[in-house]
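K.L.:
work_13.cif (mmCIF, C-alpha atoms (C1' of nucleotides) and all ligand atoms) pasted underneath:
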data_run
#
loop_
_atom_site.label_atom_id
_atom_site.label_comp_id
_atom_site.auth_asym_id
_atom_site.auth_seq_id
_atom_site.Cartn_x
_atom_site.Cartn_y
_atom_site.Cartn_z
CA MET A 539 62.26 146.90 100.43
CA LYS A 540 64.40 149.50 98.72
CA LEU A 541 67.44 149.06 96.63
CA ILE A 542 70.19 151.62 96.88
CA PRO A 543 71.74 151.40 93.43
CA THR A 544 75.32 150.44 94.17
CA GLN A 545 77.74 152.84 92.56
CA ILE A 546 80.02 151.27 89.99
CA LYS A 547 83.58 151.63 91.22
CA THR A 548 85.88 153.63 88.95
CA LYS A 549 89.53 154.53 88.77
CA LYS A 550 88.63 157.97 90.06
CA HIS A 551 87.05 156.41 93.16
CA PHE A 552 90.23 154.46 93.68
CA ASP A 553 92.42 157.53 93.42
CA THR A 554 90.22 159.26 95.98
CA PHE A 555 90.35 156.21 98.20
CA LEU A 556 94.14 156.14 98.16
CA VAL A 557 94.44 159.76 99.18
CA SER A 558 91.69 159.63 101.82
CA LYS A 559 93.19 156.58 103.53
CA GLY A 560 96.76 157.80 103.36
CA PHE A 561 97.92 155.23 100.83
CA LYS A 562 100.37 156.29 98.18
CA LYS A 563 99.56 156.97 94.56
CA THR A 564 102.14 155.10 92.56
CA ARG A 565 102.84 154.70 88.87
CA GLN A 566 102.14 150.97 89.21
CA ARG A 567 98.76 151.39 90.91
CA ASP A 568 97.78 153.96 88.34
CA ILE A 569 98.55 151.66 85.42
CA ILE A 570 96.87 148.63 87.01
CA ALA A 571 93.74 150.58 87.94
CA GLU A 572 93.51 152.05 84.46
CA ILE A 573 93.55 148.59 82.90
CA PHE A 574 91.19 147.03 85.42
CA PHE A 575 88.56 149.77 85.60
CA ASN A 576 88.69 151.02 82.01
CA GLY A 577 89.73 147.93 80.09
CA PRO A 578 87.76 146.37 77.24
CA HIS A 579 86.13 143.54 79.18
CA HIS A 580 84.91 142.44 82.58
CA HIS A 581 86.84 139.39 83.69
CA TYR A 582 90.57 139.75 84.19
CA ARG A 583 93.18 137.27 85.27
CA ILE A 584 96.14 138.67 87.18
CA GLU A 585 98.40 137.47 84.36
CA GLU A 586 96.38 139.40 81.80
CA ILE A 587 96.54 142.62 83.78
CA LEU A 588 100.27 142.06 84.15
CA GLU A 589 100.77 141.61 80.41
CA HIS A 590 98.94 144.81 79.59
CA ALA A 591 100.66 146.68 82.41
CA ARG A 592 104.09 145.69 81.13
CA LYS A 593 103.41 147.33 77.81
CA LEU A 594 103.26 150.59 79.74
CA ASP A 595 105.97 149.79 82.26
CA ALA A 596 108.13 146.77 81.61
CA SER A 597 109.33 146.58 85.20
CA ILE A 598 105.96 145.99 86.87
CA SER A 599 105.97 142.74 88.80
CA TYR A 600 103.44 140.00 89.28
CA ALA A 601 103.53 140.62 93.03
CA THR A 602 102.45 144.22 92.60
CA VAL A 603 99.57 143.32 90.32
CA TYR A 604 98.61 140.56 92.73
CA ARG A 605 98.68 142.85 95.75
CA THR A 606 96.78 145.57 93.96
CA MET A 607 94.03 143.18 92.88
CA MET A 608 93.82 141.86 96.43
CA MET A 609 93.53 145.42 97.63
CA PHE A 610 90.68 146.03 95.19
CA VAL A 611 88.89 143.02 96.64
CA GLU A 612 89.69 144.00 100.22
CA ILE A 613 88.29 147.51 99.86
CA GLY A 614 85.25 146.35 97.91
CA PHE A 615 86.33 147.61 94.49
CA ALA A 616 86.55 144.17 92.87
CA GLN A 617 84.98 140.76 93.06
CA GLN A 618 87.17 137.69 92.82
CA ARG A 619 85.70 134.71 90.97
CA GLN A 620 86.78 131.14 90.34
CA PHE A 621 85.20 129.51 87.32
CA GLY A 622 86.07 125.83 87.41
CA LYS A 623 89.79 125.32 87.90
CA GLY A 624 92.51 127.66 86.78
CA GLN A 625 93.20 131.19 87.92
CA SER A 626 90.90 133.62 89.64
CA LEU A 627 89.14 136.23 87.56
CA PHE A 628 88.46 139.73 88.85
CA GLU A 629 85.66 142.04 87.91
CA VAL A 630 84.71 145.57 88.89
CA GLN A 631 82.39 145.81 91.87
CA GLY A 632 79.13 147.71 91.85
CA ARG A 633 77.49 146.63 88.61
CA HIS A 634 74.13 144.90 88.86
CA HIS A 635 74.25 141.39 90.32
CA HIS A 636 74.55 138.75 87.68
CA ASP A 637 75.55 135.15 87.08
CA HIS A 638 77.53 133.54 84.26
CA LEU A 639 77.21 131.32 81.23
CA ILE A 640 80.59 129.85 80.34
CA CYS A 641 81.63 128.17 77.11
CA THR A 642 83.84 125.22 78.02
CA GLN A 643 85.34 125.29 74.52
CA CYS A 644 86.38 128.90 73.87
CA LYS A 645 86.02 130.12 77.48
CA LYS A 646 83.68 132.91 76.44
CA ILE A 647 81.74 134.31 79.39
CA ILE A 648 78.23 135.68 79.08
CA GLU A 649 76.59 137.49 81.96
CA PHE A 650 72.92 137.15 82.75
CA GLU A 651 70.40 138.10 85.38
CA ASN A 652 67.31 136.14 86.28
CA GLU A 653 65.16 137.62 88.99
CA THR A 654 62.93 134.54 89.19
CA ILE A 655 65.85 132.23 89.88
CA GLU A 656 67.18 134.64 92.49
CA LYS A 657 63.85 134.59 94.31
CA LEU A 658 63.69 130.81 94.22
CA GLN A 659 67.22 130.57 95.58
CA ALA A 660 66.27 132.81 98.48
CA GLN A 661 63.23 130.58 99.09
CA VAL A 662 65.35 127.43 99.13
CA ALA A 663 67.78 128.96 101.61
CA LYS A 664 64.97 130.17 103.85
CA ARG A 665 63.26 126.79 103.77
CA HIS A 666 66.44 125.26 105.20
CA GLY A 667 66.79 127.95 107.84
CA PHE A 668 69.84 129.48 106.16
CA LYS A 669 70.66 133.16 106.30
CA MET A 670 72.00 133.38 102.75
CA THR A 671 74.82 135.84 102.17
CA HIS A 672 75.68 135.15 98.55
CA HIS A 673 75.50 132.51 95.90
CA LYS A 674 77.26 131.16 92.89
CA MET A 675 75.56 130.02 89.72
CA GLU A 676 77.44 129.07 86.60
CA LEU A 677 75.97 127.42 83.52
CA TYR A 678 78.49 125.52 81.42
CA GLY A 679 78.18 124.41 77.83
CA THR A 680 79.07 125.32 74.27
CA CYS A 681 78.30 128.73 72.84
CA VAL A 682 76.66 129.36 69.49
CA SER A 683 79.88 129.77 67.52
CA CYS A 684 81.52 126.73 69.09
CA GLN A 685 78.58 124.53 68.13
CA LYS A 686 79.41 124.85 64.42
CA MET B 741 60.73 112.81 77.86
CA LYS B 742 61.76 109.88 79.99
CA LEU B 743 64.32 109.64 82.69
CA ILE B 744 66.41 106.52 82.98
CA PRO B 745 67.09 106.46 86.70
CA THR B 746 70.85 106.54 86.93
CA GLN B 747 72.14 103.70 89.03
CA ILE B 748 73.99 104.76 92.16
CA LYS B 749 77.54 103.54 91.92
CA THR B 750 78.60 101.11 94.63
CA LYS B 751 81.74 99.39 95.76
CA LYS B 752 80.41 96.22 94.15
CA HIS B 753 80.13 98.01 90.81
CA PHE B 754 83.70 99.14 91.21
CA ASP B 755 84.93 95.62 91.92
CA THR B 756 83.15 94.43 88.80
CA PHE B 757 84.62 97.29 86.83
CA LEU B 758 88.16 96.43 87.88
CA VAL B 759 87.80 92.82 86.82
CA SER B 760 86.00 93.55 83.57
CA LYS B 761 88.58 96.08 82.46
CA GLY B 762 91.57 94.04 83.52
CA PHE B 763 92.62 96.31 86.36
CA LYS B 764 93.91 94.77 89.52
CA LYS B 765 92.02 94.43 92.76
CA THR B 766 94.36 95.66 95.44
CA ARG B 767 94.14 96.01 99.18
CA GLN B 768 94.48 99.78 98.79
CA ARG B 769 91.68 100.14 96.25
CA ASP B 770 89.47 97.96 98.38
CA ILE B 771 89.97 100.09 101.46
CA ILE B 772 89.55 103.38 99.60
CA ALA B 773 86.41 102.21 97.81
CA GLU B 774 84.91 100.96 101.05
CA ILE B 775 85.37 104.35 102.69
CA PHE B 776 84.22 106.33 99.69
CA PHE B 777 81.14 104.31 98.72
CA ASN B 778 80.01 103.19 102.16
CA GLY B 779 81.21 105.97 104.41
CA PRO B 780 78.97 108.03 106.68
CA HIS B 781 78.64 111.10 104.49
CA HIS B 782 78.69 112.36 100.94
CA HIS B 783 81.51 114.84 100.49
CA TYR B 784 85.04 113.59 100.99
CA ARG B 785 88.35 115.34 100.73
CA ILE B 786 91.30 113.20 99.63
CA GLU B 787 92.95 113.91 102.98
CA GLU B 788 89.92 112.60 104.84
CA ILE B 789 89.84 109.37 102.86
CA LEU B 790 93.56 109.03 103.50
CA GLU B 791 93.13 109.44 107.26
CA HIS B 792 90.42 106.80 107.42
CA ALA B 793 92.34 104.49 105.11
CA ARG B 794 95.44 104.68 107.27
CA LYS B 795 93.52 103.36 110.24
CA LEU B 796 93.10 100.17 108.22
CA ASP B 797 96.50 100.19 106.53
CA ALA B 798 99.07 102.63 107.84
CA SER B 799 101.18 102.40 104.70
CA ILE B 800 98.65 103.75 102.23
CA SER B 801 99.97 106.84 100.49
CA TYR B 802 98.39 110.10 99.49
CA ALA B 803 99.31 109.37 95.87
CA THR B 804 97.34 106.16 95.84
CA VAL B 805 94.25 107.79 97.32
CA TYR B 806 94.67 110.64 94.86
CA ARG B 807 94.98 108.33 91.88
CA THR B 808 92.08 106.18 93.00
CA MET B 809 89.79 109.18 93.41
CA MET B 810 90.85 110.42 89.98
CA MET B 811 90.06 107.00 88.62
CA PHE B 812 86.60 107.15 90.20
CA VAL B 813 86.03 110.47 88.44
CA GLU B 814 87.50 109.22 85.17
CA ILE B 815 85.26 106.17 85.01
CA GLY B 816 82.18 108.07 86.12
CA PHE B 817 81.96 106.69 89.64
CA ALA B 818 82.57 110.00 91.39
CA GLN B 819 81.98 113.68 90.92
CA GLN B 820 84.66 116.15 91.86
CA ARG B 821 83.51 119.44 93.36
CA GLN B 822 85.19 122.66 94.38
CA PHE B 823 83.26 124.71 96.92
CA GLY B 824 84.98 128.06 97.21
CA LYS B 825 88.71 127.66 97.76
CA GLY B 826 90.41 124.75 99.50
CA GLN B 827 90.51 121.15 98.46
CA SER B 828 88.25 119.30 96.07
CA LEU B 829 85.42 117.24 97.49
CA PHE B 830 84.32 113.97 95.94
CA GLU B 831 80.90 112.42 96.01
CA VAL B 832 79.45 109.20 94.68
CA GLN B 833 78.03 109.44 91.18
CA GLY B 834 74.53 108.36 90.28
CA ARG B 835 72.39 109.87 92.98
CA HIS B 836 69.73 112.32 91.89
CA HIS B 837 71.08 115.63 90.62
CA HIS B 838 71.26 118.23 93.35
CA ASP B 839 72.88 121.49 94.31
CA HIS B 840 74.32 122.70 97.61
CA LEU B 841 73.71 125.02 100.52
CA ILE B 842 76.96 125.69 102.36
CA CYS B 843 77.43 127.18 105.80
CA THR B 844 80.42 129.50 105.63
CA GLN B 845 80.85 129.20 109.39
CA CYS B 846 80.79 125.47 110.19
CA LYS B 847 81.19 124.25 106.59
CA LYS B 848 78.07 122.10 106.83
CA ILE B 849 76.74 121.11 103.41
CA ILE B 850 73.06 120.61 102.72
CA GLU B 851 71.90 119.13 99.43
CA PHE B 852 68.77 120.29 97.67
CA GLU B 853 66.92 119.88 94.42
CA ASN B 854 64.72 122.45 92.77
CA GLU B 855 63.13 121.43 89.54
CA THR B 856 61.82 124.92 88.81
CA ILE B 857 65.27 126.47 89.04
CA GLU B 858 66.68 123.73 86.81
CA LYS B 859 64.08 124.49 84.14
CA LEU B 860 64.78 128.20 84.32
CA GLN B 861 68.51 127.58 83.99
CA ALA B 862 67.88 125.53 80.86
CA GLN B 863 65.77 128.37 79.52
CA VAL B 864 68.47 130.94 80.16
CA ALA B 865 71.07 128.82 78.40
CA LYS B 866 68.79 128.22 75.44
CA ARG B 867 67.95 131.91 75.16
CA HIS B 868 71.67 132.58 74.71
CA GLY B 869 72.09 129.79 72.19
CA PHE B 870 74.11 127.68 74.60
CA LYS B 871 74.06 123.91 74.58
CA MET B 872 74.28 123.49 78.34
CA THR B 873 76.19 120.47 79.61
CA HIS B 874 76.16 121.08 83.34
CA HIS B 875 75.87 123.79 85.93
CA LYS B 876 77.00 124.79 89.34
CA MET B 877 74.80 126.38 91.96
CA GLU B 878 75.91 126.98 95.50
CA LEU B 879 74.08 129.03 98.11
CA TYR B 880 76.30 130.34 100.89
CA GLY B 881 75.28 131.60 104.28
CA THR B 882 74.91 130.62 107.92
CA CYS B 883 73.01 127.53 108.95
CA VAL B 884 70.41 127.40 111.70
CA SER B 885 72.78 126.31 114.46
CA CYS B 886 75.44 128.85 113.51
CA GLN B 887 72.94 131.70 113.70
CA LYS B 888 72.63 131.31 117.50
"C1'" DT C 1025 105.92 78.85 90.87
"C1'" DT C 1026 107.21 82.27 87.85
"C1'" DG C 1027 106.74 86.20 84.55
"C1'" DT C 1028 104.91 90.44 83.62
"C1'" DA C 1029 102.07 94.27 83.37
"C1'" DC C 1030 99.94 97.05 86.47
"C1'" DA C 1031 99.89 99.45 90.99
"C1'" DT C 1032 102.11 101.56 94.86
"C1'" DG C 1033 105.02 104.71 97.74
"C1'" DC C 1034 108.22 108.09 97.78
"C1'" DA C 1035 110.11 111.90 95.96
"C1'" DT C 1036 109.78 115.54 93.11
"C1'" DA C 1037 107.40 118.60 89.62
"C1'" DT C 1038 103.63 121.85 88.59
"C1'" DT C 1039 100.49 125.45 89.22
"C1'" DA C 1040 98.44 129.15 91.50
"C1'" DT C 1041 98.75 131.84 95.33
"C1'" DT C 1042 100.89 134.25 99.21
"C1'" DT C 1043 104.64 136.13 101.94
"C1'" DT C 1044 109.35 137.88 103.12
"C1'" DC C 1045 112.67 141.34 102.91
"C1'" DA C 1046 116.08 144.62 101.13
"C1'" DA C 1047 115.87 148.43 98.14
"C1'" DA C 1048 113.13 152.09 96.01
"C1'" DT C 1049 110.12 155.91 96.35
"C1'" DA C 1050 105.93 158.99 97.53
"C1'" DA C 1051 104.78 162.36 100.49
"C1'" DA C 1052 105.54 164.84 104.72
"C1'" DA C 1053 108.76 167.52 107.39
"C1'" DT C 1054 112.48 170.35 107.50
"C1'" DA D 21 115.59 171.73 97.73
"C1'" DT D 22 116.91 168.32 101.02
"C1'" DT D 23 116.03 165.15 104.52
"C1'" DT D 24 113.03 161.96 106.83
"C1'" DT D 25 109.70 158.32 107.11
"C1'" DA D 26 106.58 155.01 106.29
"C1'" DT D 27 104.79 152.77 102.44
"C1'" DT D 28 105.46 150.27 98.27
"C1'" DT D 29 107.93 147.60 95.13
"C1'" DG D 30 110.46 143.60 92.75
"C1'" DA D 31 112.73 139.42 93.28
"C1'" DA D 32 112.82 135.39 95.45
"C1'" DA D 33 111.19 132.09 98.29
"C1'" DA D 34 107.25 129.84 100.92
"C1'" DT D 35 102.80 127.61 100.80
"C1'" DA D 36 99.05 124.80 99.24
"C1'" DA D 37 96.82 121.81 96.21
"C1'" DT D 38 97.38 118.94 92.51
"C1'" DA D 39 99.92 115.90 89.46
"C1'" DT D 40 103.71 112.84 87.78
"C1'" DG D 41 108.30 109.96 87.31
"C1'" DC D 42 110.41 106.08 88.68
"C1'" DA D 43 112.17 102.13 91.27
"C1'" DT D 44 110.02 98.60 93.80
"C1'" DG D 45 106.18 95.69 94.94
"C1'" DT D 46 102.36 92.72 93.84
"C1'" DA D 47 98.03 90.63 91.57
"C1'" DC D 48 97.03 87.27 88.73
"C1'" DA D 49 97.46 84.57 84.46
"C1'" DA D 50 100.11 81.11 82.59
MN MN A 1101 80.70 138.95 85.49
MN MN A 1102 76.35 116.64 97.12
ZN ZN A 1103 82.54 128.99 72.69
ZN ZN A 1104 76.88 126.26 110.24
#
Reformat the file's structure so that it appears as structure tokens.
Ligand SMILES: [Mn+2]
Ligand SMILES: [Mn+2]
Ligand SMILES: [Zn+2]
Ligand SMILES: [Zn+2]
P.N.:
Amino acid sequence: MKLIPTQIKTKKHFDTFLVSKGFKKTRQRDIIAEIFFNGPHHHYRIEEILEHARKLDASISYATVYRTMMMFVEIGFAQQRQFGKGQSLFEVQGRHHHDHLICTQCKKIIEFENETIEKLQAQVAKRHGFKMTHHKMELYGTCVSCQK
Amino acid sequence: MKLIPTQIKTKKHFDTFLVSKGFKKTRQRDIIAEIFFNGPHHHYRIEEILEHARKLDASISYATVYRTMMMFVEIGFAQQRQFGKGQSLFEVQGRHHHDHLICTQCKKIIEFENETIEKLQAQVAKRHGFKMTHHKMELYGTCVSCQK
DNA sequence: TTGTACATGCATATTATTTTCAAATAAAAT
DNA sequence: ATTTTATTTGAAAATAATATGCATGTACAA
């Protein structure tokens, strides 16, 4: 069993993708990709990308951010996640698989990996005859700072 | 460490609850509770309850089913779940804790428990200083029959 | 019975997402 | 550089799920 280390998707990859598939490089896509791929954290709402984008170009619309994020997902450059209710969050594709710890108070998100749990999940699926494609594991609670 | 076996909530409990809290016993609540607590499976959409309810009383409204299900959740008689997108599913509260295997093809839901995974999840949370309140674990894939 | 607070049904509001379409524009063709 | 064209955009509207306001109806206590 070998693991091909999945390449982390970057803005440069996206630029290349656009050209190679005959899509157009636009000011809007450039700004959105810059924020999404090189921004300070890993879990963006469409609204947050929009806010940041508008600081660079006040005319950018929600629809364009929406469509660009959907394109990222479509072409495998982003993962779309739903934690609880509320809006979807998007994160860059290609980093190591991980799950999430979520503070219900301050909404802080901590990523973690646990190989043992992953193996047990695969076992459970197999035991029920499932061909597992993916899973979702979220641990909810209060983070250290919110406990004070 | 002892476990007080949580009592499975029943329609009878609900009837008692209504009386004890001064809420009214109505034809609508009776029908909805009957379907929810004594129906043939464990994961109901509001729309499904509504359909069944209307066979017994054609005038029952979506709003009433909605509010009744919300009441069940509010008073701890139901759990509300969101698998992927789409509508919420509701299941009776008080059965043993479990997680879910979901067939992405036929939407079949299989429940499972895995004590080892639960312990490891608690460990992960603790290691990050989290006071974990609950978690969500869903394994997605194709079930036996859908693999043929 | 009758009074009244609670519950219901209908309509409408919210929230997040998705699509439509005329106008704008990137990139190819002159 | 100018024209052509197909793609992309922004604004608005459509959709989908959830949630609420309000006039009317009803359970149930008096
Ligand atoms: Mn993440
Ligand atoms: Mn279940
Ligand atoms: Zn916190
Ligand atoms: Zn299936």
K.L.:
If you count all atoms listed in the file, which residues fall within 9 Å of DT27 (chain D), apart from same-chain ones fewer than 3 positions away, as an mmCIF file with C-alpha atoms (C1' of nucleotides), keeping the file's coordinate frame?
P.N.:
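Contents of out-v4.cif, as written:
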data_model
loop_
_atom_site.group_PDB
_atom_site.id
_atom_site.type_symbol
_atom_site.label_atom_id
_atom_site.label_comp_id
_atom_site.auth_asym_id
_atom_site.auth_seq_id
_atom_site.Cartn_x
_atom_site.Cartn_y
_atom_site.Cartn_z
ATOM 1 C CA PHE A 561 97.920 155.230 100.830
ATOM 2 C CA LYS A 562 100.370 156.290 98.180
ATOM 3 C "C1'" DT C 1049 110.120 155.910 96.350
ATOM 4 C "C1'" DA C 1050 105.930 158.990 97.530
#
K.L.:
One decimal, Å: what's the distance from CA of Tyr880 (chain B) over to CA of Glu851 (chain B), could you say?
P.N.:
12.1 Å
K.L.:
Define the interface residues of chain D facing chain B as those within 9 Å, counting all atoms listed in the file, and report them as a list in words.
P.N.:
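In the required form, that comes to DA36, DA37, DT46, DA47 and DC48 of chain D.
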K.L.:
Give the residues close to ligand ZN 1104 (chain A), within 8 Å, counting all atoms listed in the file; write them as an mmCIF file with C-alpha atoms, in the frame of the given file.
P.N.:
data_model
loop_
_atom_site.group_PDB
_atom_site.id
_atom_site.type_symbol
_atom_site.label_atom_id
_atom_site.label_comp_id
_atom_site.auth_asym_id
_atom_site.auth_seq_id
_atom_site.Cartn_x
_atom_site.Cartn_y
_atom_site.Cartn_z
ATOM 1 C CA ILE B 842 76.960 125.690 102.360
ATOM 2 C CA CYS B 843 77.430 127.180 105.800
ATOM 3 C CA THR B 844 80.420 129.500 105.630
ATOM 4 C CA GLN B 845 80.850 129.200 109.390
ATOM 5 C CA CYS B 846 80.790 125.470 110.190
ATOM 6 C CA LYS B 847 81.190 124.250 106.590
ATOM 7 C CA LYS B 848 78.070 122.100 106.830
ATOM 8 C CA THR B 882 74.910 130.620 107.920
ATOM 9 C CA CYS B 883 73.010 127.530 108.950
ATOM 10 C CA VAL B 884 70.410 127.400 111.700
ATOM 11 C CA SER B 885 72.780 126.310 114.460
ATOM 12 C CA CYS B 886 75.440 128.850 113.510
ATOM 13 C CA GLN B 887 72.940 131.700 113.700
#
K.L.:
Return the neighbours of chain B among the residues of chain A, cut-off 8 Å, counting all atoms listed in the file, as a list in words.
P.N.:
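Taken together, these residues fit the definition: Gln620, Gly622, Leu639, Cys641, Ile655, Leu658, Gln659, Ala663, His666, Gly667, Phe668, Lys669, Met670, Thr671, His672, His673, Lys674, Met675, Glu676, Leu677, Tyr678, Gly679, Thr680, Cys681, Val682 and Gln685 of chain A.
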K.L.:
Could you name the residues that touch DT1044 (chain C) at 12 Å or less, counting all atoms listed in the file, but leaving out those on the same chain fewer than 4 positions away, as a list in words?
P.N.:
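Skipping anything fewer than 4 positions along the chain leaves Ala601 of chain A; DG30, DA31, DA32, DA33 and DA34 of chain D.
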K.L.:
Please report the interatomic distance between CA of Asp553 (chain A) and CA of His635 (chain A) in Å with one decimal.
P.N.:
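Here the two named atoms are 24.5 Å from each other.
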K.L.:
Counting all atoms listed in the file, what residues are within 7 Å of ligand MN 1102 (chain A), given as a JSON list (two decimals) with C-alpha atoms, in the frame of the given file?
P.N.:
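Heads up, here's the output in pocket.json:
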[["chain", "number", "residue", "atom", "x", "y", "z"],
["B", 782, "HIS", "CA", 78.69, 112.36, 100.94],
["B", 783, "HIS", "CA", 81.51, 114.84, 100.49],
["B", 831, "GLU", "CA", 80.90, 112.42, 96.01],
["B", 838, "HIS", "CA", 71.26, 118.23, 93.35],
["B", 839, "ASP", "CA", 72.88, 121.49, 94.31],
["B", 840, "HIS", "CA", 74.32, 122.70, 97.61],
["B", 851, "GLU", "CA", 71.90, 119.13, 99.43]]
K.L.:
Specify the axis-aligned box that encloses all atoms of region 583-593 of chain A listed in the file after padding of 6 Å on each side, stating its centre and edge lengths in Å to one decimal as AutoDock Vina command-line options.
P.N.:
--center_x 98.6 --center_y 142.3 --center_z 82.5 --size_x 22.9 --size_y 22.1 --size_z 21.4
K.L.:
Residues of chain C within 10 Å of chain B, counting all atoms listed in the file, what are they? List them as a count of residues only.
P.N.:
5
K.L.:
Calculate how many Å separate CA of Thr750 (chain B) from CA of Phe830 (chain B), rounding to one decimal.
P.N.:
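Rounded to one decimal, the two atoms are 14.1 Å apart.
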K.L.:
Which residues are near Lys752 (chain B)? Cut-off 12 Å, only C-alpha atoms (C1' of nucleotides), ignore same chain within fewer than 4 positions. Put them as an MDAnalysis selection string.
P.N.:
chainID B and resid 748 756:759 765 770 773:774 777:778 817
K.L.:
Mind dumping the selected residues with C-alpha atoms as an mmCIF file, in the coordinates of the input?
P.N.:
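Wrote result.cif, looks like this:
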data_model
loop_
_atom_site.group_PDB
_atom_site.id
_atom_site.type_symbol
_atom_site.label_atom_id
_atom_site.label_comp_id
_atom_site.auth_asym_id
_atom_site.auth_seq_id
_atom_site.Cartn_x
_atom_site.Cartn_y
_atom_site.Cartn_z
ATOM 1 C CA ILE B 748 73.990 104.760 92.160
ATOM 2 C CA THR B 756 83.150 94.430 88.800
ATOM 3 C CA PHE B 757 84.620 97.290 86.830
ATOM 4 C CA LEU B 758 88.160 96.430 87.880
ATOM 5 C CA VAL B 759 87.800 92.820 86.820
ATOM 6 C CA LYS B 765 92.020 94.430 92.760
ATOM 7 C CA ASP B 770 89.470 97.960 98.380
ATOM 8 C CA ALA B 773 86.410 102.210 97.810
ATOM 9 C CA GLU B 774 84.910 100.960 101.050
ATOM 10 C CA PHE B 777 81.140 104.310 98.720
ATOM 11 C CA ASN B 778 80.010 103.190 102.160
ATOM 12 C CA PHE B 817 81.960 106.690 89.640
#
K.L.:
Determine, counting all atoms listed in the file, which protein, DNA and RNA residues have an atom within 12 Å of an atom of DA1053 (chain C); residues of the same chain fewer than 5 positions away are not included. Present the result as a PyMOL selection string.
P.N.:
chain D and resi 22-25
